[in-house]
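For reference, upload.txt is printed below; it contains compact mmCIF, C-alpha atoms.
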```
# COMPACT_ATOMS: atom_id res chain seq x y z
CA MET A 7 41.52 2.12 28.94
CA LEU A 8 39.74 5.38 29.64
CA PHE A 9 39.15 5.25 33.38
CA ARG A 10 42.16 3.18 34.41
CA SER A 11 43.78 6.15 36.14
CA GLU A 12 40.72 6.68 38.32
CA GLU A 13 40.29 4.74 41.54
CA LYS A 14 37.18 2.62 41.12
CA LYS A 15 35.23 0.88 43.82
CA LEU A 16 33.28 -2.26 43.01
CA HIS A 17 29.69 -1.40 42.20
CA SER A 18 26.78 -3.25 40.63
CA ALA A 19 27.44 -2.22 37.01
CA ILE A 20 30.85 -3.90 36.97
CA ASP A 21 30.08 -6.88 39.22
CA PRO A 22 29.30 -9.82 36.87
CA VAL A 23 26.14 -11.67 37.85
CA SER A 24 23.66 -14.02 36.21
CA ARG A 25 19.90 -13.67 36.51
CA ASP A 26 17.25 -16.05 37.80
CA ARG A 27 14.46 -14.70 35.61
CA ALA A 28 12.48 -17.47 33.94
CA GLY A 29 13.95 -18.25 30.55
CA TRP A 30 17.10 -16.18 30.98
CA MET A 31 19.51 -19.06 31.45
CA GLY A 32 17.80 -21.00 28.70
CA ARG A 33 18.37 -18.21 26.22
CA HIS A 34 21.94 -17.81 27.40
CA GLU A 35 22.59 -21.51 26.84
CA LYS A 36 20.99 -21.40 23.38
CA MET A 37 23.32 -18.57 22.43
CA ASN A 38 26.27 -20.59 23.70
CA ALA A 39 25.13 -23.54 21.59
CA ARG A 40 24.89 -21.29 18.53
CA VAL A 41 28.42 -19.89 18.84
CA LYS A 42 29.77 -23.42 19.28
CA GLN A 43 28.59 -24.09 15.74
CA ALA A 44 31.22 -21.55 14.60
CA GLY A 45 30.76 -19.52 11.42
CA VAL A 46 30.25 -16.26 13.32
CA ASP A 47 31.39 -13.05 11.63
CA LEU A 48 29.16 -10.53 13.40
CA VAL A 49 27.64 -10.37 16.87
CA PHE A 50 25.17 -7.94 18.40
CA ILE A 51 25.52 -7.63 22.17
CA GLY A 52 22.91 -6.00 24.39
CA ASP A 53 19.55 -6.12 26.13
CA SER A 54 15.91 -6.32 24.98
CA ILE A 55 16.49 -3.69 22.32
CA THR A 56 19.06 -6.01 20.76
CA GLN A 57 16.94 -9.11 21.37
CA GLY A 58 14.20 -7.26 19.50
CA TRP A 59 15.97 -7.98 16.22
CA GLU A 60 14.07 -11.25 16.58
CA GLY A 61 10.76 -9.42 17.06
CA ASN A 62 9.92 -6.09 15.46
CA GLY A 63 13.32 -6.11 13.78
CA LYS A 64 13.11 -9.59 12.26
CA GLY A 65 12.43 -8.46 8.71
CA VAL A 66 15.22 -5.89 8.88
CA TRP A 67 17.61 -8.50 10.31
CA ASN A 68 16.78 -10.90 7.50
CA LYS A 69 17.50 -8.18 4.96
CA TYR A 70 20.79 -6.97 6.43
CA TYR A 71 22.31 -9.75 8.52
CA ALA A 72 20.83 -13.19 7.87
CA LYS A 73 23.40 -13.95 5.17
CA ARG A 74 26.30 -12.38 7.04
CA ASN A 75 26.88 -15.02 9.73
CA ALA A 76 25.40 -12.76 12.39
CA VAL A 77 24.41 -13.84 15.91
CA ASN A 78 22.08 -12.01 18.28
CA LEU A 79 23.49 -11.96 21.83
CA GLY A 80 20.79 -9.77 23.34
CA ILE A 81 18.67 -10.68 26.36
CA GLY A 82 15.75 -8.59 27.57
CA GLY A 83 16.29 -6.79 30.85
CA ASP A 84 20.05 -7.23 30.91
CA ARG A 85 22.34 -4.64 32.44
CA THR A 86 26.07 -4.27 31.99
CA GLN A 87 26.79 -6.70 34.83
CA HIS A 88 24.71 -9.43 33.18
CA VAL A 89 26.48 -9.00 29.85
CA LEU A 90 29.82 -9.25 31.65
CA TRP A 91 28.73 -12.55 33.19
CA ARG A 92 27.53 -13.90 29.86
CA LEU A 93 30.76 -12.99 28.06
CA ASP A 94 32.63 -14.88 30.76
CA HIS A 95 30.36 -17.93 30.53
CA GLY A 96 30.30 -19.00 26.92
CA ASN A 97 28.73 -16.30 24.74
CA ILE A 98 31.97 -15.65 22.87
CA ASP A 99 33.88 -18.87 23.46
CA GLY A 100 35.67 -20.34 20.47
CA ILE A 101 34.73 -17.63 17.99
CA SER A 102 36.55 -14.72 16.40
CA PRO A 103 33.96 -12.50 14.72
CA LYS A 104 35.08 -9.63 12.56
CA LEU A 105 32.80 -7.18 14.39
CA ALA A 106 30.91 -6.91 17.67
CA VAL A 107 28.14 -4.29 17.81
CA VAL A 108 27.54 -3.28 21.44
CA MET A 109 24.63 -1.23 22.80
CA ILE A 110 23.98 -1.64 26.51
CA GLY A 111 23.30 0.39 29.64
CA THR A 112 19.78 1.76 29.49
CA ASN A 113 18.56 -0.76 32.09
CA ASN A 114 21.24 0.51 34.48
CA SER A 115 19.95 4.07 34.27
CA GLY A 116 17.45 3.67 37.09
CA ASP A 117 19.98 2.51 39.67
CA ASN A 118 23.45 3.52 38.51
CA THR A 119 25.12 6.86 37.94
CA PRO A 120 26.38 7.84 34.49
CA GLU A 121 29.92 7.20 35.70
CA GLU A 122 29.01 3.70 36.89
CA ILE A 123 27.24 2.89 33.63
CA ALA A 124 30.31 4.00 31.70
CA ASP A 125 32.44 1.80 33.95
CA GLY A 126 30.23 -1.15 33.05
CA VAL A 127 30.43 -0.47 29.33
CA GLU A 128 34.19 -0.04 29.58
CA ALA A 129 34.48 -3.41 31.34
CA ILE A 130 32.53 -5.04 28.51
CA VAL A 131 34.79 -3.47 25.90
CA GLU A 132 37.87 -4.57 27.81
CA GLN A 133 36.51 -8.11 28.02
CA LEU A 134 35.88 -8.19 24.28
CA ARG A 135 39.31 -6.81 23.48
CA SER A 136 40.97 -9.34 25.77
CA SER A 137 38.99 -12.38 24.65
CA LEU A 138 38.60 -11.42 20.99
CA PRO A 139 41.75 -9.47 20.08
CA GLU A 140 41.07 -9.69 16.33
CA THR A 141 37.48 -8.47 16.64
CA LYS A 142 36.62 -4.84 16.04
CA VAL A 143 34.07 -3.27 18.37
CA LEU A 144 31.38 -0.90 17.15
CA LEU A 145 30.30 0.73 20.39
CA LEU A 146 26.96 2.49 20.08
CA ALA A 147 25.79 5.28 22.31
CA ILE A 148 22.94 4.23 24.57
CA PHE A 149 19.77 5.01 22.62
CA PRO A 150 17.52 7.89 23.69
CA ARG A 151 14.41 6.99 25.65
CA GLY A 152 11.43 8.82 27.08
CA GLU A 153 9.28 11.44 25.39
CA ASN A 154 11.80 14.27 25.38
CA GLY A 155 15.13 15.51 26.65
CA GLN A 156 13.72 16.16 30.11
CA ASP A 157 13.19 12.46 30.74
CA GLU A 158 15.43 11.66 33.70
CA ARG A 159 16.67 8.32 32.43
CA ARG A 160 17.43 9.80 29.04
CA ARG A 161 19.50 12.43 30.80
CA VAL A 162 21.41 9.74 32.69
CA ASN A 163 22.10 7.89 29.46
CA ARG A 164 23.23 11.06 27.74
CA ALA A 165 25.70 11.77 30.53
CA ALA A 166 26.97 8.18 30.36
CA ASN A 167 27.44 8.52 26.61
CA GLU A 168 29.73 11.49 27.11
CA ARG A 169 32.12 9.17 28.95
CA ILE A 170 31.54 6.11 26.77
CA ALA A 171 32.51 8.14 23.69
CA LYS A 172 36.06 8.37 25.03
CA LEU A 173 36.49 4.61 24.67
CA ASP A 174 36.93 5.11 20.91
CA ASN A 175 40.60 4.41 20.26
CA GLY A 176 40.55 5.20 16.56
CA LYS A 177 41.47 1.65 15.66
CA MET A 178 39.81 -1.45 17.13
CA VAL A 179 37.06 0.37 19.05
CA LYS A 180 34.80 2.80 17.23
CA TYR A 181 32.13 4.82 19.04
CA LEU A 182 29.04 5.84 17.10
CA ASP A 183 26.05 7.84 18.31
CA ILE A 184 23.04 7.19 16.07
CA GLY A 185 20.49 8.44 18.58
CA GLN A 186 19.56 11.58 16.68
CA GLY A 187 18.20 9.42 13.90
CA PHE A 188 15.41 8.23 16.17
CA LEU A 189 14.35 11.73 17.25
CA GLU A 190 12.30 14.54 15.80
CA ASN A 191 14.02 17.88 15.19
CA ASP A 192 12.85 19.14 18.58
CA GLY A 193 14.31 16.12 20.37
CA THR A 194 11.05 14.32 20.98
CA LEU A 195 10.71 10.59 20.53
CA THR A 196 7.60 9.35 18.76
CA ARG A 197 5.77 6.09 19.29
CA GLU A 198 6.15 5.43 15.58
CA ILE A 199 9.84 4.82 16.28
CA MET A 200 9.62 3.46 19.83
CA PRO A 201 6.05 2.39 20.67
CA ASP A 202 6.74 2.39 24.42
CA LEU A 203 9.37 5.15 24.20
CA LEU A 204 12.10 2.55 24.75
CA HIS A 205 11.83 -0.40 22.36
CA LEU A 206 12.07 -0.03 18.61
CA SER A 207 9.43 -0.52 15.96
CA GLU A 208 10.31 -2.03 12.59
CA LYS A 209 10.97 1.51 11.36
CA GLY A 210 13.31 2.03 14.30
CA TYR A 211 15.29 -1.09 13.43
CA THR A 212 15.54 0.11 9.83
CA ILE A 213 17.02 3.38 11.09
CA TRP A 214 19.50 1.41 13.22
CA ALA A 215 20.58 -0.87 10.37
CA ASP A 216 20.96 1.98 7.89
CA ALA A 217 22.97 4.05 10.38
CA ILE A 218 25.59 1.38 11.02
CA GLU A 219 25.72 -0.24 7.60
CA SER A 220 28.85 1.60 6.47
CA ALA A 221 30.77 0.52 9.58
CA VAL A 222 29.46 -3.04 9.38
CA ALA A 223 30.33 -3.43 5.70
CA LYS A 224 33.80 -1.99 6.26
CA ALA A 225 34.55 -4.44 9.08
CA LEU A 226 33.14 -7.48 7.35
CA ASP A 227 35.02 -6.68 4.15
CA ASN A 228 38.22 -6.16 6.16
CA LYS A 229 38.73 -2.69 4.76
```

structure tokens encoding of this file:
Amino acid sequence: MLFRSEEKKLHSAIDPVSRDRAGWMGRHEKMNARVKQAGVDLVFIGDSITQGWEGNGKGVWNKYYAKRNAVNLGIGGDRTQHVLWRLDHGNIDGISPKLAVVMIGTNNSGDNTPEEIADGVEAIVEQLRSSLPETKVLLLAIFPRGENGQDERRRVNRAANERIAKLDNGKMVKYLDIGQGFLENDGTLTREIMPDLLHLSEKGYTIWADAIESAVAKALDNK
């Protein structure tokens, strides 16, 4: 894919690892048990922002995805390397969803460079394409965070997004940046949308669902 021509050294964002946080493995195993039940047309892959579809986003999820054979594969605190481990240890075994929605990387922004974060996201996309060749990937830009554009971790994410965007191949992988929908005209992020300037409110999840609905409907209807 994108960075294949570049010499890459192993770094944390592309080195698959599990986590020993209380409850992490339990959630991972529950997700594995769910996919073993089959009947999966749509998966959301990510961190706490994705897991939050079961919290602040629950009502929005029920409206948009509950009847669409959707599965939430988000775990709070995860970085790209944790998602890579999960994908290799059961999260997508035995299924062939029509669409995978991926949004990951913000938790890497404190320790990894934009280039490393993009490497991690690329590795996830490659894993999905290899394991699920019939599944389309809707790759979302890492969401904005922090009060304004001067927030350092938002700047890291923005730089990573510039590289992640190039993973769009015009066919099975589509990149979509919906971040502007969360922001005010001056680029500020309000607590109405993200109460802690990172995680979404119910209104934030509504913005997310509305922004991707066209792509989701197209994939699920095989158009």

Report the closest atom pair, with its distance in Å rounded to one decimal, for each residue of range 86-138 of chain A that has an atom no farther than 10 Å from range 77-81 of chain A; count all atoms listed in the file, sort by chain and then rising residue number, and write it as a Markdown table.
```
| residue | atom | partner | partner_atom | distance |
| --- | --- | --- | --- | --- |
| A:His88 | CA | A:Ile81 | CA | 9.2 |
| A:Val89 | CA | A:Gly80 | CA | 8.7 |
| A:Arg92 | CA | A:Leu79 | CA | 9.2 |
| A:Leu93 | CA | A:Leu79 | CA | 9.6 |
| A:Asn97 | CA | A:Leu79 | CA | 7.4 |
| A:Ile98 | CA | A:Leu79 | CA | 9.3 |
| A:Pro103 | CA | A:Val77 | CA | 9.7 |
| A:Ala106 | CA | A:Val77 | CA | 9.7 |
| A:Val107 | CA | A:Asn78 | CA | 9.8 |
| A:Val108 | CA | A:Gly80 | CA | 9.6 |
| A:Met109 | CA | A:Gly80 | CA | 9.4 |
| A:Ile110 | CA | A:Gly80 | CA | 9.3 |
```

Next, dump the selected residues to file, keeping only C-alpha atoms, as a compact mmCIF listing (two decimals), keeping the file's coordinate frame.
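Saved the output as result_26.txt:
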```
# COMPACT_ATOMS: atom_id res chain seq x y z
CA HIS A 88 24.71 -9.43 33.18
CA VAL A 89 26.48 -9.00 29.85
CA ARG A 92 27.53 -13.90 29.86
CA LEU A 93 30.76 -12.99 28.06
CA ASN A 97 28.73 -16.30 24.74
CA ILE A 98 31.97 -15.65 22.87
CA PRO A 103 33.96 -12.50 14.72
CA ALA A 106 30.91 -6.91 17.67
CA VAL A 107 28.14 -4.29 17.81
CA VAL A 108 27.54 -3.28 21.44
CA MET A 109 24.63 -1.23 22.80
CA ILE A 110 23.98 -1.64 26.51
```

- Task: Quote the spacing between CA of Ser24 in chain A and CA of Met200 in chain A in Å to one decimal place.
- Result: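 Computed distance, CA of Ser24 in chain A to CA of Met200 in chain A, equals 27.8 Å.
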
- Å distance separating CA of Leu226 in chain A from CA of Thr112 in chain A, one decimal place: 27.5 Å

- Message: Just checking: using only C-alpha atoms, which residue out of A:Lys15, A:Lys180, A:His95, A:Lys172 ends up closest to Leu145 in chain A?
- Response: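 Going through A:Lys15, A:Lys180, A:His95, A:Lys172 one by one, the smallest distance to Leu145 in chain A is for A:Lys180.
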
- Task: List the residues sitting within 10 Å of (13.1, -4.8, 16.6) in the file's frame, using all atoms listed in the file, as an NGL selection string.
- Result: :A and (54-67 or 200 or 205-212 or 214)

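Every protein or nucleic acid residue with an atom no more than 6 Å from Ala76 in chain A, counting all atoms listed in the file and leaving out same-chain residues fewer than 5 positions away, appears here: Leu48, Val49 and Tyr71 of chain A.
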
- Counting only C-alpha atoms, which of A:Gly83, A:Ser137, A:Ala129, A:Leu203 gets nearest to Arg27 in chain A?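 Nearest candidate to Arg27 in chain A out of A:Gly83, A:Ser137, A:Ala129, A:Leu203: A:Gly83.
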
- CA of Val222 in chain A and CA of Leu144 in chain A, how far apart in Å?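 Taking CA of Leu144 in chain A as the start and CA of Val222 in chain A as the end point, the length is 8.3 Å.
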
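Minimum atom-to-atom distances from A:Asp26, A:His17, A:Gly193, A:Ser102 to Lys42 in chain A were compared using all atoms listed in the file, and the lowest value belongs to A:Ser102.
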
N, CA, C and O atoms for range 14-32 of chain A, written as an mmCIF file, in the coordinates of the input, could you do that?
```cif
data_model
loop_
_atom_site.group_PDB
_atom_site.id
_atom_site.type_symbol
_atom_site.label_atom_id
_atom_site.label_comp_id
_atom_site.auth_asym_id
_atom_site.auth_seq_id
_atom_site.Cartn_x
_atom_site.Cartn_y
_atom_site.Cartn_z
ATOM 1 N N LYS A 14 38.560 3.078 41.232
ATOM 2 C CA LYS A 14 37.180 2.620 41.120
ATOM 3 C C LYS A 14 36.857 1.628 42.224
ATOM 4 O O LYS A 14 37.620 0.705 42.480
ATOM 5 N N LYS A 15 35.726 1.832 42.849
ATOM 6 C CA LYS A 15 35.230 0.880 43.820
ATOM 7 C C LYS A 15 34.262 -0.065 43.115
ATOM 8 O O LYS A 15 33.585 0.319 42.162
ATOM 9 N N LEU A 16 34.204 -1.300 43.604
ATOM 10 C CA LEU A 16 33.280 -2.260 43.010
ATOM 11 C C LEU A 16 31.852 -1.776 43.193
ATOM 12 O O LEU A 16 31.450 -1.374 44.279
ATOM 13 N N HIS A 17 31.104 -1.765 42.132
ATOM 14 C CA HIS A 17 29.690 -1.400 42.200
ATOM 15 C C HIS A 17 28.926 -2.328 41.269
ATOM 16 O O HIS A 17 29.523 -3.120 40.523
ATOM 17 N N SER A 18 27.609 -2.259 41.304
ATOM 18 C CA SER A 18 26.780 -3.250 40.630
ATOM 19 C C SER A 18 27.020 -3.328 39.136
ATOM 20 O O SER A 18 26.960 -4.416 38.548
ATOM 21 N N ALA A 19 27.312 -2.228 38.470
ATOM 22 C CA ALA A 19 27.440 -2.220 37.010
ATOM 23 C C ALA A 19 28.664 -2.961 36.509
ATOM 24 O O ALA A 19 28.738 -3.316 35.328
ATOM 25 N N ILE A 20 29.640 -3.199 37.386
ATOM 26 C CA ILE A 20 30.850 -3.900 36.970
ATOM 27 C C ILE A 20 31.042 -5.211 37.734
ATOM 28 O O ILE A 20 32.096 -5.824 37.666
ATOM 29 N N ASP A 21 30.025 -5.647 38.438
ATOM 30 C CA ASP A 21 30.080 -6.880 39.220
ATOM 31 C C ASP A 21 29.314 -7.969 38.475
ATOM 32 O O ASP A 21 28.077 -8.026 38.549
ATOM 33 N N PRO A 22 29.994 -8.845 37.723
ATOM 34 C CA PRO A 22 29.300 -9.820 36.870
ATOM 35 C C PRO A 22 28.358 -10.728 37.665
ATOM 36 O O PRO A 22 28.768 -11.341 38.650
ATOM 37 N N VAL A 23 27.114 -10.790 37.209
ATOM 38 C CA VAL A 23 26.140 -11.670 37.850
ATOM 39 C C VAL A 23 25.203 -12.245 36.782
ATOM 40 O O VAL A 23 24.955 -11.624 35.756
ATOM 41 N N SER A 24 24.694 -13.438 37.061
ATOM 42 C CA SER A 24 23.660 -14.020 36.210
ATOM 43 C C SER A 24 22.304 -13.579 36.743
ATOM 44 O O SER A 24 22.218 -12.862 37.739
ATOM 45 N N ARG A 25 21.249 -14.028 36.078
ATOM 46 C CA ARG A 25 19.900 -13.670 36.510
ATOM 47 C C ARG A 25 19.080 -14.941 36.678
ATOM 48 O O ARG A 25 19.311 -15.933 35.991
ATOM 49 N N ASP A 26 18.089 -14.882 37.579
ATOM 50 C CA ASP A 26 17.250 -16.050 37.800
ATOM 51 C C ASP A 26 15.863 -15.879 37.184
ATOM 52 O O ASP A 26 14.941 -16.624 37.494
ATOM 53 N N ARG A 27 15.743 -14.894 36.298
ATOM 54 C CA ARG A 27 14.460 -14.700 35.610
ATOM 55 C C ARG A 27 14.149 -15.920 34.752
ATOM 56 O O ARG A 27 15.033 -16.488 34.107
ATOM 57 N N ALA A 28 12.890 -16.307 34.723
ATOM 58 C CA ALA A 28 12.480 -17.470 33.940
ATOM 59 C C ALA A 28 12.890 -17.283 32.479
ATOM 60 O O ALA A 28 12.600 -16.260 31.854
ATOM 61 N N GLY A 29 13.571 -18.265 31.951
ATOM 62 C CA GLY A 29 13.950 -18.250 30.550
ATOM 63 C C GLY A 29 15.303 -17.619 30.268
ATOM 64 O O GLY A 29 15.851 -17.805 29.179
ATOM 65 N N TRP A 30 15.844 -16.876 31.236
ATOM 66 C CA TRP A 30 17.100 -16.180 30.980
ATOM 67 C C TRP A 30 18.241 -17.154 30.730
ATOM 68 O O TRP A 30 18.961 -17.048 29.737
ATOM 69 N N MET A 31 18.413 -18.111 31.616
ATOM 70 C CA MET A 31 19.510 -19.060 31.450
ATOM 71 C C MET A 31 19.308 -19.918 30.213
ATOM 72 O O MET A 31 20.281 -20.254 29.519
ATOM 73 N N GLY A 32 18.062 -20.223 29.905
ATOM 74 C CA GLY A 32 17.800 -21.000 28.700
ATOM 75 C C GLY A 32 18.223 -20.278 27.442
ATOM 76 O O GLY A 32 18.817 -20.876 26.540
#
```
